file model_25.csv (CSV, C-alpha atoms and all ligand atoms)
chain,number,residue,atom,x,y,z
A,1,MET,CA,-67.3,-5.4,11.1
A,2,MET,CA,-70.6,-5.9,9.3
A,3,PRO,CA,-71.2,-9.4,7.8
A,4,PHE,CA,-70.1,-9.8,4.2
A,5,THR,CA,-69.5,-12.5,1.6
A,6,LEU,CA,-65.8,-13.0,0.5
A,7,GLU,CA,-65.2,-14.5,-2.9
A,8,ARG,CA,-61.9,-15.8,-4.2
A,9,PRO,CA,-62.4,-16.0,-8.0
A,10,ALA,CA,-60.3,-18.5,-10.0
A,11,SER,CA,-59.4,-16.0,-12.7
A,12,LEU,CA,-59.3,-12.2,-13.3
A,13,PRO,CA,-62.3,-12.3,-15.8
A,14,ALA,CA,-64.4,-14.1,-13.2
A,15,ALA,CA,-63.5,-11.2,-10.7
A,16,LEU,CA,-64.8,-8.4,-12.9
A,17,ARG,CA,-68.3,-8.0,-11.5
A,18,ALA,CA,-70.1,-4.7,-11.5
A,19,ASP,CA,-72.1,-5.6,-8.3
A,20,ALA,CA,-69.1,-6.2,-6.0
A,21,GLU,CA,-66.3,-4.3,-4.3
A,22,PHE,CA,-62.6,-5.4,-4.3
A,23,ILE,CA,-59.9,-6.1,-1.8
A,24,ALA,CA,-56.2,-6.6,-2.7
A,25,GLY,CA,-53.6,-6.2,0.1
A,26,GLY,CA,-56.4,-5.1,2.4
A,27,THR,CA,-54.3,-2.6,4.3
A,28,ASP,CA,-56.8,0.2,3.7
A,29,MET,CA,-60.0,-1.8,3.0
A,30,VAL,CA,-59.9,-3.8,6.2
A,31,GLN,CA,-59.4,-0.7,8.4
A,32,LEU,CA,-62.4,1.0,6.7
A,33,MET,CA,-64.6,-2.1,7.2
A,34,GLN,CA,-63.6,-2.4,10.8
A,35,GLU,CA,-64.6,1.3,11.4
A,36,HIS,CA,-67.9,0.7,9.4
A,37,ILE,CA,-66.9,3.4,6.9
A,38,ARG,CA,-67.3,0.8,4.1
A,39,THR,CA,-69.8,-2.0,4.4
A,40,PRO,CA,-69.6,-4.1,1.2
A,41,GLY,CA,-72.1,-7.0,1.1
A,42,ARG,CA,-69.9,-8.8,-1.5
A,43,LEU,CA,-66.2,-8.5,-1.5
A,44,ILE,CA,-64.0,-10.0,-4.2
A,45,ASP,CA,-60.4,-10.8,-3.2
A,46,LEU,CA,-58.1,-9.9,-6.1
A,47,SER,CA,-54.9,-11.1,-4.5
A,48,ASP,CA,-54.7,-14.4,-6.3
A,49,VAL,CA,-55.8,-13.1,-9.7
A,50,LEU,CA,-54.1,-9.8,-10.2
A,51,PRO,CA,-50.9,-10.0,-12.2
A,52,ARG,CA,-47.6,-9.3,-10.4
A,53,GLY,CA,-44.3,-8.4,-11.8
A,54,ILE,CA,-42.1,-5.5,-13.0
A,55,LEU,CA,-40.6,-5.1,-16.5
A,56,VAL,CA,-38.2,-2.2,-17.1
A,57,ASP,CA,-37.5,-1.7,-20.8
A,58,THR,CA,-35.5,1.1,-22.5
A,59,ASP,CA,-38.4,3.5,-22.9
A,60,ARG,CA,-41.1,2.1,-20.6
A,61,ALA,CA,-41.5,0.5,-17.2
A,62,ARG,CA,-44.5,-1.8,-16.6
A,63,ILE,CA,-45.6,-2.6,-13.1
A,64,ASP,CA,-48.4,-5.1,-12.6
A,65,ALA,CA,-51.1,-3.9,-10.2
A,66,GLY,CA,-50.8,-6.9,-7.9
A,67,THR,CA,-47.1,-6.2,-7.3
A,68,SER,CA,-46.4,-5.3,-3.6
A,69,MET,CA,-45.2,-1.8,-2.9
A,70,GLU,CA,-42.1,-3.3,-1.3
A,71,ALA,CA,-41.2,-5.4,-4.4
A,72,ALA,CA,-41.4,-2.3,-6.5
A,73,ALA,CA,-39.5,-0.2,-3.9
A,74,THR,CA,-36.6,-2.6,-3.9
A,75,TYR,CA,-36.3,-3.3,-7.7
A,76,THR,CA,-33.1,-1.7,-8.7
A,77,PRO,CA,-33.8,-1.2,-12.5
A,78,LEU,CA,-36.9,0.8,-11.5
A,79,SER,CA,-34.9,3.0,-9.1
A,80,GLU,CA,-32.4,3.7,-11.8
A,81,ALA,CA,-35.0,4.5,-14.5
A,82,ALA,CA,-37.4,6.5,-12.3
A,83,PRO,CA,-35.9,7.2,-8.8
A,84,ALA,CA,-38.9,9.5,-7.8
A,85,VAL,CA,-41.1,6.4,-7.9
A,86,THR,CA,-38.8,4.5,-5.6
A,87,MET,CA,-38.4,7.4,-3.3
A,88,ALA,CA,-42.1,7.9,-3.0
A,89,LEU,CA,-42.6,4.2,-2.2
A,90,ILE,CA,-39.8,4.1,0.4
A,91,GLU,CA,-41.3,7.2,2.1
A,92,SER,CA,-44.7,5.5,2.3
A,93,ALA,CA,-45.9,3.5,5.3
A,94,SER,CA,-43.5,0.8,6.6
A,95,PRO,CA,-41.8,-2.3,5.2
A,96,GLN,CA,-44.4,-4.5,6.8
A,97,VAL,CA,-47.3,-2.5,5.3
A,98,ARG,CA,-45.6,-2.3,1.9
A,99,ASN,CA,-45.2,-6.1,1.8
A,100,LEU,CA,-48.9,-6.5,2.0
A,101,ALA,CA,-50.0,-3.4,0.1
A,102,THR,CA,-50.3,-3.5,-3.7
A,103,MET,CA,-49.4,-0.9,-6.3
A,104,GLY,CA,-53.0,-0.7,-7.6
A,105,GLY,CA,-54.5,-0.5,-4.1
A,106,ASN,CA,-52.2,2.4,-3.2
A,107,LEU,CA,-53.6,4.5,-6.0
A,108,LEU,CA,-57.1,3.8,-4.7
A,109,GLN,CA,-56.7,4.2,-1.0
A,110,ARG,CA,-59.2,6.6,0.5
A,111,THR,CA,-58.5,10.0,2.1
A,112,ARG,CA,-57.0,10.2,5.5
A,113,CYS,CA,-59.5,12.9,6.5
A,114,GLY,CA,-60.3,12.1,10.2
A,115,TYR,CA,-63.9,13.2,9.8
A,116,PHE,CA,-64.3,10.8,6.9
A,117,ARG,CA,-62.8,8.0,9.0
A,118,ASP,CA,-65.0,8.6,12.0
A,119,VAL,CA,-68.7,7.4,11.6
A,120,ALA,CA,-69.5,9.4,14.8
A,121,VAL,CA,-69.1,12.6,12.7
A,122,ALA,CA,-72.3,13.4,11.0
A,123,ALA,CA,-71.1,15.9,8.4
A,124,CYS,CA,-69.0,14.3,5.7
A,125,ASN,CA,-70.1,14.7,2.0
A,126,LYS,CA,-67.7,12.0,0.9
A,127,ARG,CA,-69.1,9.4,3.3
A,128,ARG,CA,-72.7,10.7,3.5
A,129,PRO,CA,-73.5,12.8,0.4
A,130,GLY,CA,-75.4,16.0,1.2
A,131,SER,CA,-74.4,15.9,5.0
A,132,GLY,CA,-71.9,18.8,4.8
A,133,CYS,CA,-68.2,19.0,5.6
A,134,ALA,CA,-67.0,19.0,9.1
A,135,ALA,CA,-63.4,20.0,8.0
A,136,ILE,CA,-64.6,23.4,6.8
A,137,GLY,CA,-64.7,25.4,10.0
A,138,GLY,CA,-63.2,22.4,11.8
A,139,GLU,CA,-59.6,21.3,12.3
A,140,ASN,CA,-58.1,21.4,8.8
A,141,ARG,CA,-54.3,21.7,9.1
A,142,ASN,CA,-53.7,18.6,6.9
A,143,PHE,CA,-56.2,19.5,4.2
A,144,ALA,CA,-56.1,20.6,0.6
A,145,VAL,CA,-55.6,24.1,-0.8
A,146,LEU,CA,-56.1,23.2,-4.5
A,147,GLY,CA,-59.1,21.5,-6.2
A,148,THR,CA,-61.3,22.1,-3.1
A,149,SER,CA,-64.9,23.2,-3.0
A,150,GLU,CA,-67.5,24.0,-0.3
A,151,GLN,CA,-68.3,20.2,-0.6
A,152,CYS,CA,-65.0,18.8,0.4
A,153,ILE,CA,-61.4,19.8,1.1
A,154,ALA,CA,-59.7,16.4,1.8
A,155,THR,CA,-56.3,15.7,0.2
A,156,HIS,CA,-55.5,12.7,-1.9
A,157,ALA,CA,-53.3,10.4,0.3
A,158,SER,CA,-51.1,8.5,-2.1
A,159,ASP,CA,-47.4,9.4,-2.3
A,160,LEU,CA,-46.9,7.0,-5.2
A,161,ALA,CA,-49.6,8.7,-7.3
A,162,VAL,CA,-47.8,12.1,-7.1
A,163,ALA,CA,-44.6,10.7,-8.5
A,164,LEU,CA,-46.4,8.7,-11.2
A,165,VAL,CA,-48.6,11.7,-12.2
A,166,ALA,CA,-45.5,13.8,-12.6
A,167,LEU,CA,-43.9,11.2,-14.8
A,168,ARG,CA,-47.0,10.9,-17.0
A,169,ALA,CA,-47.8,7.3,-16.0
A,170,GLU,CA,-50.7,5.4,-17.6
A,171,LEU,CA,-52.9,2.6,-16.4
A,172,ASP,CA,-54.2,-0.6,-17.9
A,173,LEU,CA,-57.8,-1.2,-16.8
A,174,ASP,CA,-60.1,-4.2,-17.2
A,175,GLY,CA,-63.7,-4.5,-16.4
A,176,PRO,CA,-67.1,-6.0,-17.4
A,177,GLN,CA,-67.2,-3.7,-20.5
A,178,GLY,CA,-63.7,-4.7,-21.6
A,179,ALA,CA,-60.1,-3.4,-21.3
A,180,ARG,CA,-59.0,0.2,-21.7
A,181,HIS,CA,-55.9,2.4,-21.2
A,182,ILE,CA,-56.0,5.8,-19.5
A,183,ALA,CA,-53.6,8.5,-18.3
A,184,LEU,CA,-53.2,8.2,-14.5
A,185,SER,CA,-54.0,12.0,-14.4
A,186,ASP,CA,-57.5,11.1,-15.7
A,187,LEU,CA,-58.1,8.6,-12.8
A,188,HIS,CA,-58.7,10.8,-9.9
A,189,ARG,CA,-61.5,13.4,-9.7
A,190,SER,CA,-61.5,16.7,-7.9
A,191,ALA,CA,-63.9,17.4,-5.1
A,192,ALA,CA,-65.9,20.1,-6.9
A,193,ASP,CA,-69.3,18.6,-7.2
A,194,ARG,CA,-69.6,15.0,-6.0
A,195,PRO,CA,-66.8,14.3,-3.5
A,196,GLU,CA,-68.1,10.7,-3.0
A,197,ILE,CA,-67.2,9.9,-6.6
A,198,GLU,CA,-63.4,9.8,-6.4
A,199,THR,CA,-62.3,8.2,-9.6
A,200,THR,CA,-63.3,7.7,-13.2
A,201,LEU,CA,-63.3,3.9,-12.8
A,202,ARG,CA,-66.5,2.2,-14.1
A,203,ALA,CA,-68.4,-0.3,-12.0
A,204,GLY,CA,-66.5,-3.6,-11.7
A,205,GLU,CA,-63.3,-2.1,-13.3
A,206,VAL,CA,-59.9,-2.9,-11.9
A,207,ILE,CA,-56.4,-1.6,-12.5
A,208,THR,CA,-54.2,-4.3,-14.0
A,209,ALA,CA,-51.0,-2.5,-14.6
A,210,ILE,CA,-49.1,0.8,-14.4
A,211,GLU,CA,-46.9,2.0,-17.3
A,212,ILE,CA,-44.3,4.7,-16.9
A,213,PRO,CA,-42.6,6.3,-19.9
A,214,LEU,CA,-38.9,6.4,-19.4
A,215,ASP,CA,-36.6,9.2,-20.5
A,216,ALA,CA,-34.0,11.6,-19.2
A,217,ALA,CA,-36.5,13.4,-17.0
A,218,SER,CA,-37.6,10.2,-15.3
A,219,ALA,CA,-34.0,9.1,-14.7
A,220,ASN,CA,-33.3,12.6,-13.2
A,221,SER,CA,-36.3,12.6,-10.9
A,222,VAL,CA,-36.7,13.1,-7.1
A,223,TYR,CA,-39.5,12.9,-4.6
A,224,VAL,CA,-39.4,15.1,-1.5
A,225,LYS,CA,-41.9,14.6,1.3
A,226,VAL,CA,-42.6,16.8,4.4
A,227,ARG,CA,-44.5,15.0,7.2
A,228,ASP,CA,-45.1,15.4,10.9
A,229,ARG,CA,-43.1,12.4,11.9
A,230,ALA,CA,-40.4,10.3,10.1
A,231,ALA,CA,-42.4,7.1,9.6
A,232,PHE,CA,-46.0,5.8,9.4
A,233,GLU,CA,-47.1,9.2,8.2
A,234,TRP,CA,-48.8,10.6,5.1
A,235,ALA,CA,-47.5,13.8,3.4
A,236,LEU,CA,-48.2,17.3,4.7
A,237,LEU,CA,-46.7,18.4,1.4
A,238,SER,CA,-44.7,16.6,-1.2
A,239,ALA,CA,-43.1,17.3,-4.5
A,240,ALA,CA,-42.1,15.1,-7.5
A,241,VAL,CA,-39.7,16.7,-10.0
A,242,GLY,CA,-38.0,15.2,-13.1
A,243,LEU,CA,-35.7,17.3,-15.3
A,244,ARG,CA,-33.7,17.0,-18.5
A,245,ILE,CA,-31.0,19.6,-18.8
A,246,GLU,CA,-29.1,20.0,-22.1
A,247,GLY,CA,-26.5,22.7,-22.8
A,248,GLY,CA,-27.3,24.2,-19.4
A,249,LYS,CA,-31.0,24.7,-20.2
A,250,ILE,CA,-34.0,22.8,-19.0
A,251,THR,CA,-35.5,21.0,-22.0
A,252,GLN,CA,-38.0,18.7,-20.2
A,253,ALA,CA,-39.7,19.2,-16.8
A,254,ARG,CA,-42.1,16.9,-15.0
A,255,ILE,CA,-43.7,18.3,-11.8
A,256,ALA,CA,-46.5,17.4,-9.4
A,257,MET,CA,-47.2,18.0,-5.8
A,258,GLY,CA,-49.0,16.0,-3.0
A,259,GLY,CA,-50.6,16.9,0.3
A,260,VAL,CA,-52.0,20.1,-1.3
A,261,GLY,CA,-54.7,18.9,-3.7
A,262,THR,CA,-57.9,16.9,-3.6
A,263,ARG,CA,-56.1,14.7,-6.2
A,264,PRO,CA,-52.4,14.3,-7.1
A,265,TRP,CA,-51.6,17.8,-8.4
A,266,LEU,CA,-49.9,18.1,-11.8
A,267,LEU,CA,-48.2,21.5,-12.2
A,268,ASP,CA,-48.0,21.9,-16.0
A,269,ARG,CA,-47.8,25.7,-15.9
A,270,VAL,CA,-44.6,25.5,-13.7
A,271,GLU,CA,-43.2,22.9,-16.1
A,272,SER,CA,-43.8,25.2,-19.1
A,273,ALA,CA,-42.2,28.2,-17.3
A,274,LEU,CA,-39.0,26.2,-16.7
A,275,LEU,CA,-38.5,25.1,-20.3
A,276,GLY,CA,-35.6,26.9,-22.0
A,277,CYS,CA,-34.3,28.4,-18.7
A,278,ALA,CA,-31.1,27.7,-17.0
A,279,PRO,CA,-32.0,26.4,-13.5
A,280,THR,CA,-30.9,29.6,-11.8
A,281,ARG,CA,-32.5,30.9,-8.5
A,282,ALA,CA,-34.3,33.7,-10.3
A,283,ALA,CA,-35.8,31.4,-13.0
A,284,VAL,CA,-36.8,28.8,-10.5
A,285,ALA,CA,-38.4,31.4,-8.2
A,286,GLU,CA,-40.4,32.9,-11.1
A,287,ALA,CA,-41.7,29.4,-12.1
A,288,VAL,CA,-42.6,28.1,-8.7
A,289,ALA,CA,-44.6,31.2,-8.0
A,290,LEU,CA,-47.1,29.7,-10.5
A,291,ALA,CA,-47.6,26.6,-8.3
A,292,THR,CA,-50.1,28.3,-5.9
A,293,GLU,CA,-52.3,29.9,-8.6
A,294,GLY,CA,-55.9,29.3,-7.6
A,295,ALA,CA,-54.9,28.0,-4.1
A,296,ARG,CA,-57.2,28.7,-1.2
A,297,GLY,CA,-56.4,28.2,2.4
A,298,TRP,CA,-59.1,27.1,4.9
A,299,GLY,CA,-57.5,28.5,8.1
A,300,HIS,CA,-55.2,26.0,9.8
A,301,ASN,CA,-53.8,24.9,6.4
A,302,ASP,CA,-52.9,28.4,5.1
A,303,PHE,CA,-49.2,27.6,5.7
A,304,LYS,CA,-49.2,25.2,2.8
A,305,ILE,CA,-49.6,28.0,0.4
A,306,THR,CA,-46.4,29.6,1.7
A,307,GLN,CA,-44.6,26.3,1.9
A,308,MET,CA,-45.4,25.0,-1.6
A,309,PRO,CA,-42.9,27.2,-3.4
A,310,VAL,CA,-40.2,26.5,-0.8
A,311,LEU,CA,-40.5,22.7,-1.1
A,312,LEU,CA,-40.8,22.9,-4.9
A,313,THR,CA,-37.7,25.0,-5.1
A,314,ARG,CA,-35.8,22.4,-3.0
A,315,ALA,CA,-37.0,19.5,-5.2
A,316,ILE,CA,-36.1,21.4,-8.5
A,317,GLU,CA,-32.6,22.1,-7.1
A,318,LEU,CA,-32.1,18.4,-6.2
A,319,ALA,CA,-33.3,17.2,-9.6
A,320,ALA,CA,-31.2,19.9,-11.4
A,321,ALA,CA,-28.1,18.8,-9.4
A,322,GLN,CA,-28.9,15.2,-10.4
A,323,ALA,CA,-29.4,16.1,-14.0
A,324,GLY,CA,-26.2,18.1,-14.0
A,325,GLU,CA,-24.2,15.1,-12.7
A,326,ARG,CA,-25.6,12.8,-15.3
A,327,ALA,CA,-25.2,15.3,-18.2
A,401,LIG,C1,-49.9,2.5,8.9
A,401,LIG,C2,-50.1,2.9,7.5
A,401,LIG,C3,-49.3,3.9,7.0
A,401,LIG,C4,-49.4,4.3,5.7
A,401,LIG,N1,-48.6,5.3,5.2
A,401,LIG,C5,-48.8,5.6,3.9
A,401,LIG,C6,-48.0,6.7,3.3
A,401,LIG,O1,-47.1,7.3,4.0
A,401,LIG,N2,-48.1,7.0,2.0
A,401,LIG,C7,-49.0,6.3,1.2
A,401,LIG,O2,-49.1,6.6,0.0
A,401,LIG,N3,-49.8,5.3,1.7
A,401,LIG,C8,-49.7,5.0,3.0
A,401,LIG,N4,-50.5,4.0,3.5
A,401,LIG,C9,-51.5,3.5,2.7
A,401,LIG,C10,-51.1,2.2,2.0
A,401,LIG,O3,-50.1,2.4,1.1
A,401,LIG,C11,-52.4,1.7,1.3
A,401,LIG,O4,-53.3,1.2,2.3
A,401,LIG,C12,-52.1,0.5,0.4
A,401,LIG,O5,-51.3,0.9,-0.6
A,401,LIG,C13,-53.4,0.0,-0.2
A,401,LIG,O6,-53.1,-1.1,-1.0
A,401,LIG,P1,-53.9,-2.5,-0.7
A,401,LIG,O7,-53.4,-3.4,-1.8
A,401,LIG,O8,-53.7,-2.9,0.7
A,401,LIG,O9,-55.3,-2.0,-1.0
A,401,LIG,P2,-56.7,-2.5,-0.3
A,401,LIG,O10,-56.8,-2.0,1.1
A,401,LIG,O11,-56.9,-3.9,-0.6
A,401,LIG,O12,-57.7,-1.7,-1.3
A,401,LIG,C14,-57.7,-0.3,-1.2
A,401,LIG,C15,-58.8,0.2,-2.3
A,401,LIG,O13,-58.3,-0.1,-3.6
A,401,LIG,C16,-59.2,-1.0,-4.3
A,401,LIG,N5,-58.4,-1.8,-5.1
A,401,LIG,C17,-57.2,-2.5,-4.7
A,401,LIG,N6,-56.6,-3.0,-5.8
A,401,LIG,C18,-57.3,-2.6,-6.8
A,401,LIG,C19,-57.2,-2.8,-8.3
A,401,LIG,N7,-56.1,-3.5,-8.8
A,401,LIG,N8,-58.1,-2.4,-9.1
A,401,LIG,C20,-59.2,-1.7,-8.6
A,401,LIG,N9,-59.4,-1.5,-7.3
A,401,LIG,C21,-58.5,-1.9,-6.4
A,401,LIG,C22,-60.0,-1.6,-3.2
A,401,LIG,O14,-61.3,-2.0,-3.7
A,401,LIG,C23,-60.1,-0.5,-2.2
A,401,LIG,O15,-61.1,0.4,-2.5
A,401,LIG,C24,-50.3,3.6,4.8
A,401,LIG,C25,-51.1,2.5,5.3
A,401,LIG,C26,-51.0,2.2,6.7
A,401,LIG,C27,-51.8,1.1,7.2
A,402,LIG,S1,-63.1,17.2,3.8
A,402,LIG,FE1,-64.2,15.8,2.6
A,402,LIG,S2,-63.8,13.8,3.5
A,402,LIG,FE2,-63.3,15.4,5.1
A,402,LIG,S3,-65.2,15.8,6.2
A,402,LIG,FE3,-65.2,17.2,4.5
A,402,LIG,S4,-66.4,16.1,3.0
A,402,LIG,FE4,-65.7,14.6,4.4

call {"tool": "encode", "arguments": {"input": "model_25.csv", "output": "C-alpha cells", "more": "lines below"}}
Ligand SMILES: Cc1cc2nc3c(=O)[nH]c(=O)nc-3n(C[C@H](O)[C@H](O)[C@H](O)COP(=O)(O)OP(=O)(O)OC[C@H]3O[C@@H](n4cnc5c(N)ncnc54)[C@H](O)[C@@H]3O)c2cc1C
Ligand code: SF4
result
Amino acid sequence: MMPFTLERPASLPAALRADAEFIAGGTDMVQLMQEHIRTPGRLIDLSDVLPRGILVDTDRARIDAGTSMEAAATYTPLSEAAPAVTMALIESASPQVRNLATMGGNLLQRTRCGYFRDVAVAACNKRRPGSGCAAIGGENRNFAVLGTSEQCIATHASDLAVALVALRAELDLDGPQGARHIALSDLHRSAADRPEIETTLRAGEVITAIEIPLDAASANSVYVKVRDRAAFEWALLSAAVGLRIEGGKITQARIAMGGVGTRPWLLDRVESALLGCAPTRAAVAEAVALATEGARGWGHNDFKITQMPVLLTRAIELAAAQAGERA
C-alpha cells in the first residue's frame, strides 16, 4: 500500500473537502489500495460522521448512508415495504462483509472487471484513461451488453443499486457546494466517452441518505440473481421487479436489471409495455423482448442477451404471484 494520510473529522461538514477521497466501511477501498489501483494521498474516514439509521414511513423509507448493509438487510419494516431491497442485500457478499459495508459505499463500489483490478494489465481506460480496453477481445464473459462502448464494457457491480433504481430511489447528497437531492438513476454514468468518470458526484460530495418511495409496487417487489456460486459472488445477471395489479391488470411496473449494463439498467420500455395488461405468458413475452433492445455482445458474454428475457420473465412471474396474493 502507498503511504497516505488518514483523517477522522469531528463532524460531517468538516469531512466535505474537495481535495480528499473517502472511506466508509473500507471493504472495497482497502482492497483497491492494497492492489495499488487507488492511491489516495489524503483519505477521510466517514465512518464516525455519516448518519446511520432507517425510518420506514407510510409512503417513504429513508436509510442513512452510514447504515451497514446488514442492519438494512435485517430490518423487518423495510423487508415488508420493499422486499426487493432486502433480497438484493441478502444476496450480496456475506454477513461479515455486510456488517462492515455501508449502504452509501455499496452504491459507489468500483467494477469487478479483473483487468481494472490488476495493475499488471496495461490496457484499461477506466484505470489509465487512453490506454485501451483489455476486455474487448479478451475474456469478457462477465461483462456488460448494454451501455457499452469501444472505451469500456465493465458492468456495474452493486446488487442493491439495481433494486433501488427499479423502485425509483433518490439520494441526499452533501458537499462543499451545499446539499442537493437527485434520483439514483442520475448517479451512475454509462461508459460511452469517459469510463474513468463513473458518477455525477461533485468533488468532495458524499451520499448522506437513500430515500425509497413506498407503494403497492414496492411492497410487491422481488430481486432475482444469477451467479456462478451461491455466496461471495457478484451477479452474472439479476432482475428487480415490482408490480401493482388491480382488477387482474398491471397498473404499475418497476423494472431494472443488473449484471448486464455499465450502470444499473432501468427498463422503462418494458414497464410501459406491461401497463394495462394481464400478466399472461403472451403479454409478458412481448414486453420482455424489449429488454434487449440495443444490447451488444462481445463474444463470451453473448449468452446474457439470450438469458435476459428468461430471467426477467421469472422475476415478473414471481412479482405477479406476490401481487396476486396481496390483492
Ligand atoms: C468478498 C466480497 C463479496 C462481495 N459481494 C458483493 C455482492 O455480491 N454484491 C454487491 O453488491 N456487493 C458485493 N460486495 C461489495 C461490497 O458490498 C462493497 O465493497 C461495500 O458495500 C462497499 O461499502 P463500504 O462502506 O465498505 O465502502 P468503502 O470501501 O469504504 O468505499 C467504497 C467507495 O465508496 C466511497 N464512499 C463510501 N461511502 C460514501 C459516501 N457516503 N459518500 C460518498 N462516497 C462514499 C468511497 O470513497 C469509495 O470510493 C462484496 C465485497 C466483498 C469484499
Ligand atoms: S472493461 Fe472497462 S474496466 Fe475493464 S479493462 Fe476495459 S476499460 Fe478497463

call {"tool": "axis_aligned_box", "arguments": {"input": "model_25.csv", "around": "ligand LIG 401 (chain A)", "padding_each_side": "8 Å", "output": "AutoDock Vina command-line options"}}
result
--center_x -54.2 --center_y 1.7 --center_z -0.1 --size_x 30.2 --size_y 27.2 --size_z 34.0

call {"tool": "residues_near_point", "arguments": {"input": "model_25.csv", "point": "(-33.8, 18.1, -4.9)", "cutoff": "10 Å", "atoms": "all atoms listed in the file", "output": "PyMOL selection string"}}
result
chain A and resi 220-224+239-242+311-322

call {"tool": "residues_around", "arguments": {"input": "model_25.csv", "residues": "stretch 78-80 of chain A", "least_positions_apart": "6", "cutoff": "7 Å", "atoms": "all atoms listed in the file", "output": "list of chain:residue names"}}
result
A:Val56, A:Thr86, A:Ala219

call {"tool": "residues_near_ligand", "arguments": {"input": "model_25.csv", "ligand": "ligand LIG 402 (chain A)", "cutoff": "8 Å", "atoms": "all atoms listed in the file", "output": "count of residues only"}}
result
24

call {"tool": "atom_distance", "arguments": {"input": "model_25.csv", "atom1": "atom CA of A:Val284", "atom2": "atom CA of A:Ile212"}}
result
26.0 Å

call {"tool": "closest_residue", "arguments": {"input": "model_25.csv", "among": "A:Arg17, A:Lys304, A:Arg62, A:Arg117", "to": "A:Ala235", "atoms": "all atoms listed in the file"}}
result
A:Lys304

call {"tool": "residues_near_ligand", "arguments": {"input": "model_25.csv", "ligand": "ligand LIG 401 (chain A)", "cutoff": "8 Å", "atoms": "all atoms listed in the file", "output": "number ranges by chain"}}
result
A: 21-31, 46, 50, 65-66, 68-69, 88-89, 91-94, 97-98, 100-110, 157-161, 173, 205-209, 231-235

call {"tool": "write_last_selection", "arguments": {"input": "model_25.csv", "atoms": "C-alpha atoms", "output": "mmCIF file, in the coordinates of the input"}}
result
data_model
loop_
_atom_site.group_PDB
_atom_site.id
_atom_site.type_symbol
_atom_site.label_atom_id
_atom_site.label_comp_id
_atom_site.auth_asym_id
_atom_site.auth_seq_id
_atom_site.Cartn_x
_atom_site.Cartn_y
_atom_site.Cartn_z
ATOM 1 C CA GLU A 21 -66.300 -4.300 -4.300
ATOM 2 C CA PHE A 22 -62.600 -5.400 -4.300
ATOM 3 C CA ILE A 23 -59.900 -6.100 -1.800
ATOM 4 C CA ALA A 24 -56.200 -6.600 -2.700
ATOM 5 C CA GLY A 25 -53.600 -6.200 0.100
ATOM 6 C CA GLY A 26 -56.400 -5.100 2.400
ATOM 7 C CA THR A 27 -54.300 -2.600 4.300
ATOM 8 C CA ASP A 28 -56.800 0.200 3.700
ATOM 9 C CA MET A 29 -60.000 -1.800 3.000
ATOM 10 C CA VAL A 30 -59.900 -3.800 6.200
ATOM 11 C CA GLN A 31 -59.400 -0.700 8.400
ATOM 12 C CA LEU A 46 -58.100 -9.900 -6.100
ATOM 13 C CA LEU A 50 -54.100 -9.800 -10.200
ATOM 14 C CA ALA A 65 -51.100 -3.900 -10.200
ATOM 15 C CA GLY A 66 -50.800 -6.900 -7.900
ATOM 16 C CA SER A 68 -46.400 -5.300 -3.600
ATOM 17 C CA MET A 69 -45.200 -1.800 -2.900
ATOM 18 C CA ALA A 88 -42.100 7.900 -3.000
ATOM 19 C CA LEU A 89 -42.600 4.200 -2.200
ATOM 20 C CA GLU A 91 -41.300 7.200 2.100
ATOM 21 C CA SER A 92 -44.700 5.500 2.300
ATOM 22 C CA ALA A 93 -45.900 3.500 5.300
ATOM 23 C CA SER A 94 -43.500 0.800 6.600
ATOM 24 C CA VAL A 97 -47.300 -2.500 5.300
ATOM 25 C CA ARG A 98 -45.600 -2.300 1.900
ATOM 26 C CA LEU A 100 -48.900 -6.500 2.000
ATOM 27 C CA ALA A 101 -50.000 -3.400 0.100
ATOM 28 C CA THR A 102 -50.300 -3.500 -3.700
ATOM 29 C CA MET A 103 -49.400 -0.900 -6.300
ATOM 30 C CA GLY A 104 -53.000 -0.700 -7.600
ATOM 31 C CA GLY A 105 -54.500 -0.500 -4.100
ATOM 32 C CA ASN A 106 -52.200 2.400 -3.200
ATOM 33 C CA LEU A 107 -53.600 4.500 -6.000
ATOM 34 C CA LEU A 108 -57.100 3.800 -4.700
ATOM 35 C CA GLN A 109 -56.700 4.200 -1.000
ATOM 36 C CA ARG A 110 -59.200 6.600 0.500
ATOM 37 C CA ALA A 157 -53.300 10.400 0.300
ATOM 38 C CA SER A 158 -51.100 8.500 -2.100
ATOM 39 C CA ASP A 159 -47.400 9.400 -2.300
ATOM 40 C CA LEU A 160 -46.900 7.000 -5.200
ATOM 41 C CA ALA A 161 -49.600 8.700 -7.300
ATOM 42 C CA LEU A 173 -57.800 -1.200 -16.800
ATOM 43 C CA GLU A 205 -63.300 -2.100 -13.300
ATOM 44 C CA VAL A 206 -59.900 -2.900 -11.900
ATOM 45 C CA ILE A 207 -56.400 -1.600 -12.500
ATOM 46 C CA THR A 208 -54.200 -4.300 -14.000
ATOM 47 C CA ALA A 209 -51.000 -2.500 -14.600
ATOM 48 C CA ALA A 231 -42.400 7.100 9.600
ATOM 49 C CA PHE A 232 -46.000 5.800 9.400
ATOM 50 C CA GLU A 233 -47.100 9.200 8.200
ATOM 51 C CA TRP A 234 -48.800 10.600 5.100
ATOM 52 C CA ALA A 235 -47.500 13.800 3.400
#

call {"tool": "residues_near_point", "arguments": {"input": "model_25.csv", "point": "(-57.4, 27.9, 6.2)", "cutoff": "10 Å", "atoms": "all atoms listed in the file", "output": "PyMOL selection string"}}
result
chain A and resi 136-141+143-145+296-305

call {"tool": "write_last_selection", "arguments": {"input": "model_25.csv", "atoms": "C-alpha atoms", "output": "CSV table (one decimal), in the coordinates of the input"}}
result
chain,number,residue,atom,x,y,z
A,136,ILE,CA,-64.6,23.4,6.8
A,137,GLY,CA,-64.7,25.4,10.0
A,138,GLY,CA,-63.2,22.4,11.8
A,139,GLU,CA,-59.6,21.3,12.3
A,140,ASN,CA,-58.1,21.4,8.8
A,141,ARG,CA,-54.3,21.7,9.1
A,143,PHE,CA,-56.2,19.5,4.2
A,144,ALA,CA,-56.1,20.6,0.6
A,145,VAL,CA,-55.6,24.1,-0.8
A,296,ARG,CA,-57.2,28.7,-1.2
A,297,GLY,CA,-56.4,28.2,2.4
A,298,TRP,CA,-59.1,27.1,4.9
A,299,GLY,CA,-57.5,28.5,8.1
A,300,HIS,CA,-55.2,26.0,9.8
A,301,ASN,CA,-53.8,24.9,6.4
A,302,ASP,CA,-52.9,28.4,5.1
A,303,PHE,CA,-49.2,27.6,5.7
A,304,LYS,CA,-49.2,25.2,2.8
A,305,ILE,CA,-49.6,28.0,0.4
